[in-house]
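Beneath this line is the structure, given in structure tokens, with notes to follow.
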Amino acid sequence: MVYRACCLAVSLLWGLWPTAVSAQSKAVWQLSVSDTSQTSLVQLGLPEGGRWCLIWNHSVQGFPVTDCFRMEADQLILDSSHTPDFAAGLGHTRGRGTLTSDDDHGYRIVDMQVPIPNNRLSLRVGALSVNHRIEVDSRVVSLSRLAADKLVEIRVRPAEDKGSTLQ
């Protein structure tokens with residue numbers, strides 16, 4: 001019985017293998033998250049345009065805050081931000097995007113056009129209550145489950161670039 005279950009699992013996984021490989025091979029950009037010892041924690045293929053979001057729960061109010069990024073001419077750009085409320089530490093800086101209202105009385109800042117130096121972000125990952133996470137399309141990876149209270153580097157580079165050591 002165990003043998004049959006094992007064979008069934010292998011057959012199912014083998015059937016998914018071409019899908020996983022082709023999805024990764026279509027990636028134009030590679031998002032990677034590494035800790036300070038340069039250990040890779042996450043690697044995600046990004047589609048053309050390189051759009052992805054960093055989401056976390058506000059440490060005081062608990063609601064989700066979303067910052068979305070995209071690639072433009074090989075440059076990582078902070079494109080938009082969304083929050084239900086301008087609580088402690090949140091807000092809009094004049095000249096940095098357009099402030100709009102969402103359908104739920106929250107705030108969205110669009111067209112921010114903020115270049116991220118060297119296509120790298122340093123982040124002190126919050127506890128599980130903060131739950132820093134990366135969202136790419138329908139995929140969500142919790143950084144807090146992998147590296148709570150640790151410093152990480154989020155980096156985006158061309159998918160074919162194997163990268164160099166992190167600085």
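Residue numbering restarts at 1 in every chain; chains get A, B, ... in the order shown in the structure tokens, and ligands count up from 1 in that same order.
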
Residues near A:Pro47, cut-off 6 Å, only C-alpha atoms, skip fewer than 3 positions along chain, as a PyMOL selection string: chain A and resi 27-28+50

Neighbour list for A:Val156 as an NGL selection string, cut-off 7 Å, only C-alpha atoms, skip fewer than 4 positions in-chain: :A and (29-32 or 119-120)

Gap from atom CA of A:Asp67 to atom CA of A:Pro117 - Å, one decimal: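 Interatomic distance, atom CA of A:Asp67 to atom CA of A:Pro117: 16.2 Å.
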
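In this comparison, which uses only C-alpha atoms, the residue of A:Ile134, A:Ala148, A:Ala127, A:Leu143 approaching A:Leu54 most closely is A:Ile134.
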
A:Phe63 environment, 8 Å, only C-alpha atoms, sequence neighbours closer than 4 positions dropped, as a ChimeraX atom specification: /A:57-58,83-84

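Taking atom CA of A:Glu48 and atom CA of A:Met71 as the two end points, the separation is 8.3 Å.
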